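Okay, target05.tsv is below, TSV, N, CA and C atoms:
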```tsv
chain	number	residue	atom	x	y	z
A	1	MET	N	-72.56	39.24	75.57
A	1	MET	CA	-73.26	40.21	74.76
A	1	MET	C	-72.85	40.08	73.30
A	2	LYS	N	-71.54	39.92	73.05
A	2	LYS	CA	-71.04	39.78	71.70
A	2	LYS	C	-71.60	38.52	71.05
A	3	ASN	N	-71.69	37.45	71.83
A	3	ASN	CA	-72.21	36.18	71.34
A	3	ASN	C	-73.67	36.33	70.93
A	4	LEU	N	-74.45	37.03	71.72
A	4	LEU	CA	-75.85	37.27	71.41
A	4	LEU	C	-75.98	38.10	70.13
A	5	MET	N	-75.15	39.14	70.00
A	5	MET	CA	-75.18	39.97	68.80
A	5	MET	C	-74.81	39.16	67.57
A	6	ALA	N	-73.81	38.29	67.69
A	6	ALA	CA	-73.40	37.46	66.56
A	6	ALA	C	-74.54	36.54	66.14
A	7	LYS	N	-75.25	35.96	67.11
A	7	LYS	CA	-76.39	35.09	66.79
A	7	LYS	C	-77.51	35.86	66.12
A	8	LEU	N	-77.76	37.09	66.57
A	8	LEU	CA	-78.79	37.92	65.94
A	8	LEU	C	-78.44	38.25	64.49
A	9	VAL	N	-77.19	38.59	64.24
A	9	VAL	CA	-76.76	38.90	62.89
A	9	VAL	C	-76.91	37.68	61.99
A	10	ILE	N	-76.49	36.53	62.48
A	10	ILE	CA	-76.62	35.30	61.70
A	10	ILE	C	-78.08	35.01	61.39
A	11	ALA	N	-78.95	35.17	62.39
A	11	ALA	CA	-80.38	34.93	62.18
A	11	ALA	C	-80.94	35.89	61.13
A	12	LEU	N	-80.54	37.16	61.18
A	12	LEU	CA	-81.01	38.13	60.20
A	12	LEU	C	-80.54	37.78	58.80
A	13	VAL	N	-79.30	37.33	58.68
A	13	VAL	CA	-78.76	36.95	57.38
A	13	VAL	C	-79.51	35.75	56.82
A	14	VAL	N	-79.75	34.76	57.65
A	14	VAL	CA	-80.46	33.56	57.22
A	14	VAL	C	-81.89	33.91	56.79
A	15	LEU	N	-82.57	34.72	57.60
A	15	LEU	CA	-83.95	35.09	57.29
A	15	LEU	C	-84.07	36.00	56.07
A	16	SER	N	-83.06	36.83	55.84
A	16	SER	CA	-83.14	37.77	54.73
A	16	SER	C	-82.72	37.15	53.40
A	17	GLY	N	-82.07	36.00	53.46
A	17	GLY	CA	-81.66	35.34	52.23
A	17	GLY	C	-80.41	35.92	51.62
A	18	ILE	N	-79.68	36.74	52.36
A	18	ILE	CA	-78.43	37.30	51.85
A	18	ILE	C	-77.42	36.16	51.74
A	19	PRO	N	-76.78	35.99	50.58
A	19	PRO	CA	-75.82	34.89	50.43
A	19	PRO	C	-74.55	35.11	51.22
A	20	ASP	N	-73.95	34.07	51.67
A	20	ASP	CA	-72.62	33.89	52.25
A	20	ASP	C	-72.03	35.05	53.06
A	21	LEU	N	-71.87	36.23	52.50
A	21	LEU	CA	-71.22	37.39	53.13
A	21	LEU	C	-69.77	37.12	53.48
A	22	GLY	N	-69.17	36.08	52.93
A	22	GLY	CA	-67.76	35.79	53.17
A	22	GLY	C	-67.45	35.33	54.56
A	23	LEU	N	-68.41	34.80	55.30
A	23	LEU	CA	-68.18	34.40	56.68
A	23	LEU	C	-67.70	32.96	56.81
A	24	ALA	N	-67.75	32.17	55.77
A	24	ALA	CA	-67.37	30.77	55.87
A	24	ALA	C	-65.87	30.64	56.11
A	25	LYS	N	-65.50	29.74	57.00
A	25	LYS	CA	-64.09	29.59	57.32
A	25	LYS	C	-63.32	28.92	56.21
A	26	THR	N	-64.01	28.38	55.21
A	26	THR	CA	-63.32	27.74	54.10
A	26	THR	C	-62.88	28.72	53.03
A	27	SER	N	-63.30	29.98	53.11
A	27	SER	CA	-62.87	30.97	52.13
A	27	SER	C	-62.23	32.15	52.85
A	28	PRO	N	-60.94	32.02	53.18
A	28	PRO	CA	-60.27	33.08	53.94
A	28	PRO	C	-60.13	34.36	53.13
A	29	LEU	N	-60.10	35.47	53.82
A	29	LEU	CA	-59.88	36.76	53.19
A	29	LEU	C	-58.38	37.01	53.10
A	30	VAL	N	-57.96	37.64	52.03
A	30	VAL	CA	-56.56	38.01	51.86
A	30	VAL	C	-56.51	39.51	51.67
A	31	GLU	N	-55.73	40.20	52.49
A	31	GLU	CA	-55.64	41.64	52.41
A	31	GLU	C	-54.19	42.08	52.47
A	32	THR	N	-53.93	43.27	51.95
A	32	THR	CA	-52.60	43.85	52.03
A	32	THR	C	-52.62	44.97	53.06
A	33	ILE	N	-51.63	44.97	53.93
A	33	ILE	CA	-51.51	45.99	54.96
A	33	ILE	C	-51.12	47.32	54.32
A	34	THR	N	-51.69	48.41	54.81
A	34	THR	CA	-51.33	49.73	54.32
A	34	THR	C	-50.00	50.17	54.96
A	35	GLU	N	-49.34	51.10	54.31
A	35	GLU	CA	-48.04	51.55	54.82
A	35	GLU	C	-48.10	53.03	55.18
A	36	ASN	N	-47.55	53.36	56.34
A	36	ASN	CA	-47.49	54.72	56.82
A	36	ASN	C	-46.09	54.94	57.34
A	37	SER	N	-45.23	55.57	56.54
A	37	SER	CA	-43.84	55.80	56.90
A	37	SER	C	-43.15	54.45	57.10
A	38	THR	N	-42.59	54.19	58.29
A	38	THR	CA	-41.91	52.92	58.53
A	38	THR	C	-42.80	51.91	59.24
A	39	THR	N	-44.02	52.29	59.60
A	39	THR	CA	-44.92	51.38	60.29
A	39	THR	C	-46.06	50.98	59.37
A	40	LYS	N	-46.26	49.70	59.24
A	40	LYS	CA	-47.37	49.19	58.46
A	40	LYS	C	-48.44	48.74	59.45
A	41	PHE	N	-49.68	49.03	59.15
A	41	PHE	CA	-50.70	48.69	60.13
A	41	PHE	C	-52.05	48.52	59.46
A	42	GLY	N	-52.97	47.94	60.21
A	42	GLY	CA	-54.34	47.80	59.75
A	42	GLY	C	-55.20	47.34	60.91
A	43	SER	N	-56.48	47.67	60.85
A	43	SER	CA	-57.45	47.20	61.83
A	43	SER	C	-58.48	46.36	61.09
A	44	PHE	N	-58.83	45.21	61.66
A	44	PHE	CA	-59.65	44.24	60.97
A	44	PHE	C	-60.62	43.57	61.92
A	45	ARG	N	-61.67	42.99	61.37
A	45	ARG	CA	-62.60	42.15	62.13
A	45	ARG	C	-62.50	40.74	61.56
A	46	LEU	N	-62.30	39.75	62.44
A	46	LEU	CA	-62.15	38.36	62.02
A	46	LEU	C	-63.29	37.54	62.62
A	47	SER	N	-64.03	36.86	61.76
A	47	SER	CA	-65.14	36.03	62.19
A	47	SER	C	-64.66	34.92	63.12
A	48	SER	N	-65.59	34.35	63.87
A	48	SER	CA	-65.25	33.25	64.79
A	48	SER	C	-64.72	32.05	64.02
A	49	ASN	N	-63.78	31.33	64.64
A	49	ASN	CA	-63.23	30.09	64.10
A	49	ASN	C	-62.82	30.22	62.63
A	50	SER	N	-62.11	31.28	62.31
A	50	SER	CA	-61.68	31.50	60.93
A	50	SER	C	-60.28	32.11	60.93
A	51	TYR	N	-59.77	32.39	59.73
A	51	TYR	CA	-58.46	33.02	59.63
A	51	TYR	C	-58.43	34.01	58.47
A	52	ARG	N	-57.43	34.89	58.50
A	52	ARG	CA	-57.20	35.87	57.44
A	52	ARG	C	-55.71	35.89	57.15
A	53	ILE	N	-55.38	36.04	55.88
A	53	ILE	CA	-53.98	36.15	55.47
A	53	ILE	C	-53.72	37.57	54.99
A	54	HIS	N	-52.67	38.19	55.55
A	54	HIS	CA	-52.25	39.52	55.15
A	54	HIS	C	-50.94	39.39	54.40
A	55	ASN	N	-50.83	40.06	53.25
A	55	ASN	CA	-49.58	40.10	52.49
A	55	ASN	C	-48.85	41.38	52.86
A	56	ILE	N	-47.68	41.23	53.48
A	56	ILE	CA	-46.96	42.38	54.02
A	56	ILE	C	-45.57	42.47	53.38
A	57	PRO	N	-45.30	43.51	52.60
A	57	PRO	CA	-43.95	43.68	52.05
A	57	PRO	C	-43.00	44.19	53.13
A	58	LEU	N	-41.90	43.47	53.31
A	58	LEU	CA	-40.90	43.87	54.30
A	58	LEU	C	-39.53	43.96	53.65
A	59	ASN	N	-38.77	44.96	54.04
A	59	ASN	CA	-37.42	45.14	53.53
A	59	ASN	C	-36.41	44.42	54.40
A	60	ARG	N	-35.24	44.20	53.84
A	60	ARG	CA	-34.15	43.54	54.56
A	60	ARG	C	-33.87	44.27	55.86
A	61	GLY	N	-33.60	43.51	56.91
A	61	GLY	CA	-33.35	44.09	58.23
A	61	GLY	C	-34.11	43.32	59.29
A	62	SER	N	-34.65	44.03	60.25
A	62	SER	CA	-35.42	43.38	61.31
A	62	SER	C	-36.83	43.97	61.34
A	63	ALA	N	-37.76	43.16	61.83
A	63	ALA	CA	-39.14	43.62	61.94
A	63	ALA	C	-39.81	42.93	63.12
A	64	ASP	N	-40.69	43.65	63.77
A	64	ASP	CA	-41.54	43.09	64.82
A	64	ASP	C	-42.98	43.14	64.31
A	65	ILE	N	-43.66	41.99	64.37
A	65	ILE	CA	-45.06	41.91	63.98
A	65	ILE	C	-45.87	41.79	65.26
A	66	ILE	N	-46.80	42.71	65.45
A	66	ILE	CA	-47.58	42.78	66.69
A	66	ILE	C	-49.06	42.64	66.35
A	67	LEU	N	-49.70	41.68	66.99
A	67	LEU	CA	-51.13	41.43	66.82
A	67	LEU	C	-51.81	41.72	68.15
A	68	GLU	N	-52.79	42.62	68.13
A	68	GLU	CA	-53.51	42.96	69.35
A	68	GLU	C	-55.00	42.90	69.11
A	69	GLY	N	-55.69	41.97	69.79
A	69	GLY	CA	-57.12	41.79	69.62
A	69	GLY	C	-57.93	42.58	70.63
A	70	ASP	N	-59.24	42.36	70.61
A	70	ASP	CA	-60.14	43.10	71.49
A	70	ASP	C	-60.36	42.42	72.85
A	71	GLY	N	-59.71	41.28	73.09
A	71	GLY	CA	-59.78	40.62	74.39
A	71	GLY	C	-60.83	39.53	74.51
A	72	ASP	N	-61.62	39.31	73.45
A	72	ASP	CA	-62.72	38.36	73.56
A	72	ASP	C	-62.39	36.93	73.16
A	73	THR	N	-61.35	36.72	72.35
A	73	THR	CA	-61.03	35.37	71.90
A	73	THR	C	-59.52	35.17	71.84
A	74	ASP	N	-59.12	33.93	71.61
A	74	ASP	CA	-57.71	33.57	71.41
A	74	ASP	C	-57.36	33.78	69.95
A	75	LEU	N	-56.37	34.63	69.67
A	75	LEU	CA	-55.84	34.82	68.32
A	75	LEU	C	-54.44	34.24	68.26
A	76	ASP	N	-54.09	33.62	67.14
A	76	ASP	CA	-52.74	33.10	66.92
A	76	ASP	C	-52.18	33.73	65.65
A	77	LEU	N	-50.84	33.79	65.60
A	77	LEU	CA	-50.14	34.49	64.53
A	77	LEU	C	-49.11	33.56	63.90
A	78	TYR	N	-49.12	33.46	62.56
A	78	TYR	CA	-48.18	32.61	61.82
A	78	TYR	C	-47.60	33.43	60.67
A	79	VAL	N	-46.30	33.23	60.38
A	79	VAL	CA	-45.63	33.98	59.32
A	79	VAL	C	-44.99	33.00	58.33
A	80	TYR	N	-45.18	33.30	57.02
A	80	TYR	CA	-44.61	32.51	55.93
A	80	TYR	C	-43.93	33.45	54.95
A	81	ASP	N	-42.86	32.98	54.29
A	81	ASP	CA	-42.21	33.81	53.28
A	81	ASP	C	-42.95	33.69	51.95
A	82	ASP	N	-42.39	34.32	50.90
A	82	ASP	CA	-43.07	34.34	49.60
A	82	ASP	C	-43.09	32.97	48.92
A	83	ASN	N	-42.32	32.01	49.43
A	83	ASN	CA	-42.34	30.63	48.91
A	83	ASN	C	-43.18	29.72	49.80
A	84	ASN	N	-43.96	30.30	50.69
A	84	ASN	CA	-44.81	29.57	51.66
A	84	ASN	C	-44.02	28.73	52.66
A	85	ASN	N	-42.76	29.09	52.87
A	85	ASN	CA	-41.96	28.45	53.92
A	85	ASN	C	-42.37	29.03	55.27
A	86	PHE	N	-42.57	28.16	56.24
A	86	PHE	CA	-42.93	28.59	57.59
A	86	PHE	C	-41.76	29.34	58.22
A	87	ILE	N	-42.02	30.53	58.75
A	87	ILE	CA	-40.97	31.37	59.35
A	87	ILE	C	-41.08	31.40	60.87
A	88	GLY	N	-42.28	31.54	61.39
A	88	GLY	CA	-42.45	31.60	62.84
A	88	GLY	C	-43.90	31.69	63.24
A	89	LYS	N	-44.13	31.52	64.56
A	89	LYS	CA	-45.49	31.60	65.08
A	89	LYS	C	-45.48	32.15	66.49
A	90	SER	N	-46.66	32.61	66.91
A	90	SER	CA	-46.89	33.05	68.28
A	90	SER	C	-48.28	32.55	68.67
A	91	GLU	N	-48.32	31.69	69.71
A	91	GLU	CA	-49.57	31.09	70.17
A	91	GLU	C	-49.59	31.11	71.70
A	92	CYS	N	-50.07	32.19	72.29
A	92	CYS	CA	-49.99	32.31	73.74
A	92	CYS	C	-51.28	31.96	74.47
A	93	GLY	N	-52.37	31.67	73.74
A	93	GLY	CA	-53.65	31.42	74.40
A	93	GLY	C	-54.40	32.70	74.74
A	94	CYS	N	-53.94	33.82	74.18
A	94	CYS	CA	-54.59	35.12	74.40
A	94	CYS	C	-54.75	35.79	73.03
A	95	ASP	N	-55.00	37.07	72.99
A	95	ASP	CA	-55.09	37.72	71.69
A	95	ASP	C	-54.09	38.87	71.54
A	96	TYR	N	-52.96	38.73	72.22
A	96	TYR	CA	-51.82	39.64	72.02
A	96	TYR	C	-50.63	38.78	71.65
A	97	GLU	N	-50.18	38.88	70.42
A	97	GLU	CA	-49.09	38.03	69.92
A	97	GLU	C	-48.02	38.91	69.29
A	98	THR	N	-46.76	38.49	69.40
A	98	THR	CA	-45.66	39.20	68.74
A	98	THR	C	-44.67	38.20	68.15
A	99	ILE	N	-44.08	38.59	67.04
A	99	ILE	CA	-43.01	37.81	66.41
A	99	ILE	C	-41.94	38.81	65.98
A	100	SER	N	-40.68	38.51	66.30
A	100	SER	CA	-39.54	39.31	65.84
A	100	SER	C	-38.84	38.54	64.72
A	101	LEU	N	-38.55	39.24	63.62
A	101	LEU	CA	-37.95	38.60	62.45
A	101	LEU	C	-36.64	39.25	62.06
A	102	GLN	N	-35.71	38.45	61.57
A	102	GLN	CA	-34.53	38.93	60.87
A	102	GLN	C	-34.79	38.64	59.40
A	103	ILE	N	-34.83	39.68	58.57
A	103	ILE	CA	-35.18	39.54	57.17
A	103	ILE	C	-33.91	39.67	56.33
A	104	TYR	N	-33.61	38.61	55.56
A	104	TYR	CA	-32.37	38.57	54.80
A	104	TYR	C	-32.52	39.06	53.37
A	105	ARG	N	-33.75	39.15	52.89
A	105	ARG	CA	-34.01	39.74	51.57
A	105	ARG	C	-35.41	40.35	51.58
A	106	SER	N	-35.55	41.45	50.89
A	106	SER	CA	-36.84	42.12	50.81
A	106	SER	C	-37.82	41.25	50.03
A	107	THR	N	-38.99	41.05	50.59
A	107	THR	CA	-40.00	40.23	49.93
A	107	THR	C	-41.37	40.48	50.59
A	108	ILE	N	-42.37	39.81	50.08
A	108	ILE	CA	-43.69	39.90	50.67
A	108	ILE	C	-43.91	38.68	51.55
A	109	PHE	N	-44.20	38.94	52.82
A	109	PHE	CA	-44.46	37.87	53.78
A	109	PHE	C	-45.96	37.69	53.93
A	110	LYS	N	-46.37	36.45	54.18
A	110	LYS	CA	-47.77	36.14	54.45
A	110	LYS	C	-47.93	36.00	55.95
A	111	VAL	N	-48.78	36.82	56.52
A	111	VAL	CA	-49.04	36.78	57.95
A	111	VAL	C	-50.47	36.27	58.13
A	112	LYS	N	-50.57	35.12	58.78
A	112	LYS	CA	-51.87	34.47	58.98
A	112	LYS	C	-52.33	34.71	60.41
A	113	VAL	N	-53.52	35.27	60.56
A	113	VAL	CA	-54.14	35.50	61.87
A	113	VAL	C	-55.30	34.52	62.00
A	114	VAL	N	-55.29	33.73	63.08
A	114	VAL	CA	-56.32	32.72	63.30
A	114	VAL	C	-57.12	33.09	64.54
A	115	ASN	N	-58.45	33.11	64.40
A	115	ASN	CA	-59.34	33.33	65.53
A	115	ASN	C	-59.83	31.97	66.01
A	116	ARG	N	-59.46	31.59	67.22
A	116	ARG	CA	-59.85	30.29	67.78
A	116	ARG	C	-61.15	30.37	68.59
A	117	GLY	N	-61.75	31.54	68.65
A	117	GLY	CA	-62.92	31.73	69.51
A	117	GLY	C	-64.25	31.56	68.79
A	118	ASP	N	-65.32	31.60	69.59
A	118	ASP	CA	-66.68	31.40	69.08
A	118	ASP	C	-67.40	32.71	68.75
A	119	VAL	N	-66.69	33.84	68.86
A	119	VAL	CA	-67.24	35.14	68.45
A	119	VAL	C	-66.17	35.86	67.64
A	120	TYR	N	-66.56	36.92	66.94
A	120	TYR	CA	-65.59	37.67	66.15
A	120	TYR	C	-64.58	38.37	67.06
A	121	ASN	N	-63.47	38.81	66.47
A	121	ASN	CA	-62.47	39.56	67.20
A	121	ASN	C	-62.02	40.73	66.33
A	122	ASP	N	-62.08	41.95	66.87
A	122	ASP	CA	-61.54	43.14	66.20
A	122	ASP	C	-60.09	43.28	66.62
A	123	TYR	N	-59.18	43.28	65.64
A	123	TYR	CA	-57.76	43.30	65.98
A	123	TYR	C	-57.00	44.31	65.14
A	124	THR	N	-55.83	44.66	65.64
A	124	THR	CA	-54.91	45.54	64.94
A	124	THR	C	-53.62	44.79	64.69
A	125	LEU	N	-53.09	44.92	63.48
A	125	LEU	CA	-51.82	44.31	63.12
A	125	LEU	C	-50.83	45.42	62.82
A	126	THR	N	-49.71	45.42	63.52
A	126	THR	CA	-48.68	46.46	63.36
A	126	THR	C	-47.35	45.80	63.05
A	127	VAL	N	-46.60	46.42	62.16
A	127	VAL	CA	-45.26	45.95	61.81
A	127	VAL	C	-44.30	47.13	61.96
A	128	ARG	N	-43.25	46.90	62.76
A	128	ARG	CA	-42.24	47.96	62.98
A	128	ARG	C	-40.89	47.47	62.58
```
So that I can check it, write out the structure of this file as structure tokens.
Amino acid sequence: MKNLMAKLVIALVVLSGIPDLGLAKTSPLVETITENSTTKFGSFRLSSNSYRIHNIPLNRGSADIILEGDGDTDLDLYVYDDNNNFIGKSECGCDYETISLQIYRSTIFKVKVVNRGDVYNDYTLTVR
């Protein structure tokens, strides 16, 4: 059903002449996670076969990054520090991923979420 809806939306966009809409996988979206007390979180929709980068400020200590999708596609999770050094990944072949981090200095981390599926995925990203 989701696949059919995605095809209908694409057909409507093509027929209406609306440009791009940011769906191309070559132009990833970059967003900052909102903060609520000690938990940072956000809910997002990720197009098929694409990725999004979230900039997440984390303080020294420990953190768990939790990615939970809607169950329709495989999502993968990658973490990089502010110098683009690879920190860790979670690739389970499903759309529930977690990474536990030990943070030695407060900085902004880049969290990359990749949708490997042929339909969009609505997901939630939580940091504790």
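You can rank A:Ser100, A:Ser50, A:Thr126, A:Asn121 by their closest distance to Ile66 (chain A) using all atoms listed in the file, and at the top of that list sits A:Thr126.
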In terms of only C-alpha atoms, the residue from A:Arg116, A:Lys89, A:Arg128, A:Lys110 at minimal distance from Asp72 (chain A) is A:Arg116
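Between CA of Thr98 (chain A) and CA of Asn83 (chain A) lies a distance of 21.9 Å.
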Atom pair atom N of Cys92 (chain A) + atom C of Ser43 (chain A), distance 19.9 Å
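Nearest residue to Val79 (chain A) among A:Ser62, A:Ser47, A:Asn55, A:Asn115 is A:Asn55, counting only C-alpha atoms.
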Smallest atom-to-atom distance to Thr73 (chain A): which of A:Phe41, A:Tyr104, A:Phe86, A:Tyr120, using only C-alpha atoms?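 The answer is A:Tyr120, which sits nearest to Thr73 (chain A).
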Under the rule that all atoms listed in the file are counted, which of A:Leu77, A:Ile53, A:Ile103, A:Leu46 is the nearest residue to Val119 (chain A)?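 Nearest candidate to Val119 (chain A) out of A:Leu77, A:Ile53, A:Ile103, A:Leu46: A:Leu46.
Computed from the coordinates, the atom N of Leu125 (chain A) to atom N of Gln102 (chain A) distance equals 18.6 Å.
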Using all atoms listed in the file, the residue out of A:Gly69, A:Gly42, A:Gly117, A:Gly61 with shortest distance to Glu97 (chain A) is A:Gly69
DSSP on the backbone: which residues in region 35-107 of chain A end up as strand (DSSP E or B)? Give the answer as JSON, numbers by chain. {"A": [35, 36, 39, 40, 41, 42, 43, 44, 45, 46, 50, 51, 52, 53, 54, 55, 56, 57, 58, 61, 62, 63, 64, 65, 66, 67, 68, 75, 76, 77, 78, 79, 80, 86, 87, 88, 89, 90, 96, 97, 98, 99, 100, 101, 102, 103, 107]}
For the residues selected in the previous step, produce a file with N, CA and C atoms as a short mmCIF file (atom, residue, chain, number, x, y, z; two decimals), in the frame of the given file.
```
data_model
loop_
_atom_site.label_atom_id
_atom_site.label_comp_id
_atom_site.auth_asym_id
_atom_site.auth_seq_id
_atom_site.Cartn_x
_atom_site.Cartn_y
_atom_site.Cartn_z
N GLU A 35 -49.34 51.10 54.31
CA GLU A 35 -48.04 51.55 54.82
C GLU A 35 -48.10 53.03 55.18
N ASN A 36 -47.55 53.36 56.34
CA ASN A 36 -47.49 54.72 56.82
C ASN A 36 -46.09 54.94 57.34
N THR A 39 -44.02 52.29 59.60
CA THR A 39 -44.92 51.38 60.29
C THR A 39 -46.06 50.98 59.37
N LYS A 40 -46.26 49.70 59.24
CA LYS A 40 -47.37 49.19 58.46
C LYS A 40 -48.44 48.74 59.45
N PHE A 41 -49.68 49.03 59.15
CA PHE A 41 -50.70 48.69 60.13
C PHE A 41 -52.05 48.52 59.46
N GLY A 42 -52.97 47.94 60.21
CA GLY A 42 -54.34 47.80 59.75
C GLY A 42 -55.20 47.34 60.91
N SER A 43 -56.48 47.67 60.85
CA SER A 43 -57.45 47.20 61.83
C SER A 43 -58.48 46.36 61.09
N PHE A 44 -58.83 45.21 61.66
CA PHE A 44 -59.65 44.24 60.97
C PHE A 44 -60.62 43.57 61.92
N ARG A 45 -61.67 42.99 61.37
CA ARG A 45 -62.60 42.15 62.13
C ARG A 45 -62.50 40.74 61.56
N LEU A 46 -62.30 39.75 62.44
CA LEU A 46 -62.15 38.36 62.02
C LEU A 46 -63.29 37.54 62.62
N SER A 50 -62.11 31.28 62.31
CA SER A 50 -61.68 31.50 60.93
C SER A 50 -60.28 32.11 60.93
N TYR A 51 -59.77 32.39 59.73
CA TYR A 51 -58.46 33.02 59.63
C TYR A 51 -58.43 34.01 58.47
N ARG A 52 -57.43 34.89 58.50
CA ARG A 52 -57.20 35.87 57.44
C ARG A 52 -55.71 35.89 57.15
N ILE A 53 -55.38 36.04 55.88
CA ILE A 53 -53.98 36.15 55.47
C ILE A 53 -53.72 37.57 54.99
N HIS A 54 -52.67 38.19 55.55
CA HIS A 54 -52.25 39.52 55.15
C HIS A 54 -50.94 39.39 54.40
N ASN A 55 -50.83 40.06 53.25
CA ASN A 55 -49.58 40.10 52.49
C ASN A 55 -48.85 41.38 52.86
N ILE A 56 -47.68 41.23 53.48
CA ILE A 56 -46.96 42.38 54.02
C ILE A 56 -45.57 42.47 53.38
N PRO A 57 -45.30 43.51 52.60
CA PRO A 57 -43.95 43.68 52.05
C PRO A 57 -43.00 44.19 53.13
N LEU A 58 -41.90 43.47 53.31
CA LEU A 58 -40.90 43.87 54.30
C LEU A 58 -39.53 43.96 53.65
N GLY A 61 -33.60 43.51 56.91
CA GLY A 61 -33.35 44.09 58.23
C GLY A 61 -34.11 43.32 59.29
N SER A 62 -34.65 44.03 60.25
CA SER A 62 -35.42 43.38 61.31
C SER A 62 -36.83 43.97 61.34
N ALA A 63 -37.76 43.16 61.83
CA ALA A 63 -39.14 43.62 61.94
C ALA A 63 -39.81 42.93 63.12
N ASP A 64 -40.69 43.65 63.77
CA ASP A 64 -41.54 43.09 64.82
C ASP A 64 -42.98 43.14 64.31
N ILE A 65 -43.66 41.99 64.37
CA ILE A 65 -45.06 41.91 63.98
C ILE A 65 -45.87 41.79 65.26
N ILE A 66 -46.80 42.71 65.45
CA ILE A 66 -47.58 42.78 66.69
C ILE A 66 -49.06 42.64 66.35
N LEU A 67 -49.70 41.68 66.99
CA LEU A 67 -51.13 41.43 66.82
C LEU A 67 -51.81 41.72 68.15
N GLU A 68 -52.79 42.62 68.13
CA GLU A 68 -53.51 42.96 69.35
C GLU A 68 -55.00 42.90 69.11
N LEU A 75 -56.37 34.63 69.67
CA LEU A 75 -55.84 34.82 68.32
C LEU A 75 -54.44 34.24 68.26
N ASP A 76 -54.09 33.62 67.14
CA ASP A 76 -52.74 33.10 66.92
C ASP A 76 -52.18 33.73 65.65
N LEU A 77 -50.84 33.79 65.60
CA LEU A 77 -50.14 34.49 64.53
C LEU A 77 -49.11 33.56 63.90
N TYR A 78 -49.12 33.46 62.56
CA TYR A 78 -48.18 32.61 61.82
C TYR A 78 -47.60 33.43 60.67
N VAL A 79 -46.30 33.23 60.38
CA VAL A 79 -45.63 33.98 59.32
C VAL A 79 -44.99 33.00 58.33
N TYR A 80 -45.18 33.30 57.02
CA TYR A 80 -44.61 32.51 55.93
C TYR A 80 -43.93 33.45 54.95
N PHE A 86 -42.57 28.16 56.24
CA PHE A 86 -42.93 28.59 57.59
C PHE A 86 -41.76 29.34 58.22
N ILE A 87 -42.02 30.53 58.75
CA ILE A 87 -40.97 31.37 59.35
C ILE A 87 -41.08 31.40 60.87
N GLY A 88 -42.28 31.54 61.39
CA GLY A 88 -42.45 31.60 62.84
C GLY A 88 -43.90 31.69 63.24
N LYS A 89 -44.13 31.52 64.56
CA LYS A 89 -45.49 31.60 65.08
C LYS A 89 -45.48 32.15 66.49
N SER A 90 -46.66 32.61 66.91
CA SER A 90 -46.89 33.05 68.28
C SER A 90 -48.28 32.55 68.67
N TYR A 96 -52.96 38.73 72.22
CA TYR A 96 -51.82 39.64 72.02
C TYR A 96 -50.63 38.78 71.65
N GLU A 97 -50.18 38.88 70.42
CA GLU A 97 -49.09 38.03 69.92
C GLU A 97 -48.02 38.91 69.29
N THR A 98 -46.76 38.49 69.40
CA THR A 98 -45.66 39.20 68.74
C THR A 98 -44.67 38.20 68.15
N ILE A 99 -44.08 38.59 67.04
CA ILE A 99 -43.01 37.81 66.41
C ILE A 99 -41.94 38.81 65.98
N SER A 100 -40.68 38.51 66.30
CA SER A 100 -39.54 39.31 65.84
C SER A 100 -38.84 38.54 64.72
N LEU A 101 -38.55 39.24 63.62
CA LEU A 101 -37.95 38.60 62.45
C LEU A 101 -36.64 39.25 62.06
N GLN A 102 -35.71 38.45 61.57
CA GLN A 102 -34.53 38.93 60.87
C GLN A 102 -34.79 38.64 59.40
N ILE A 103 -34.83 39.68 58.57
CA ILE A 103 -35.18 39.54 57.17
C ILE A 103 -33.91 39.67 56.33
N THR A 107 -38.99 41.05 50.59
CA THR A 107 -40.00 40.23 49.93
C THR A 107 -41.37 40.48 50.59
#
```
Quick one: residues within 6 Å of Asn59 (chain A), only N, CA and C atoms, excluding same-chain residues fewer than 4 positions away - as a list in words?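 Counting only the stated atoms, we get Ile103, Arg105, Ser106 and Thr107 of chain A.
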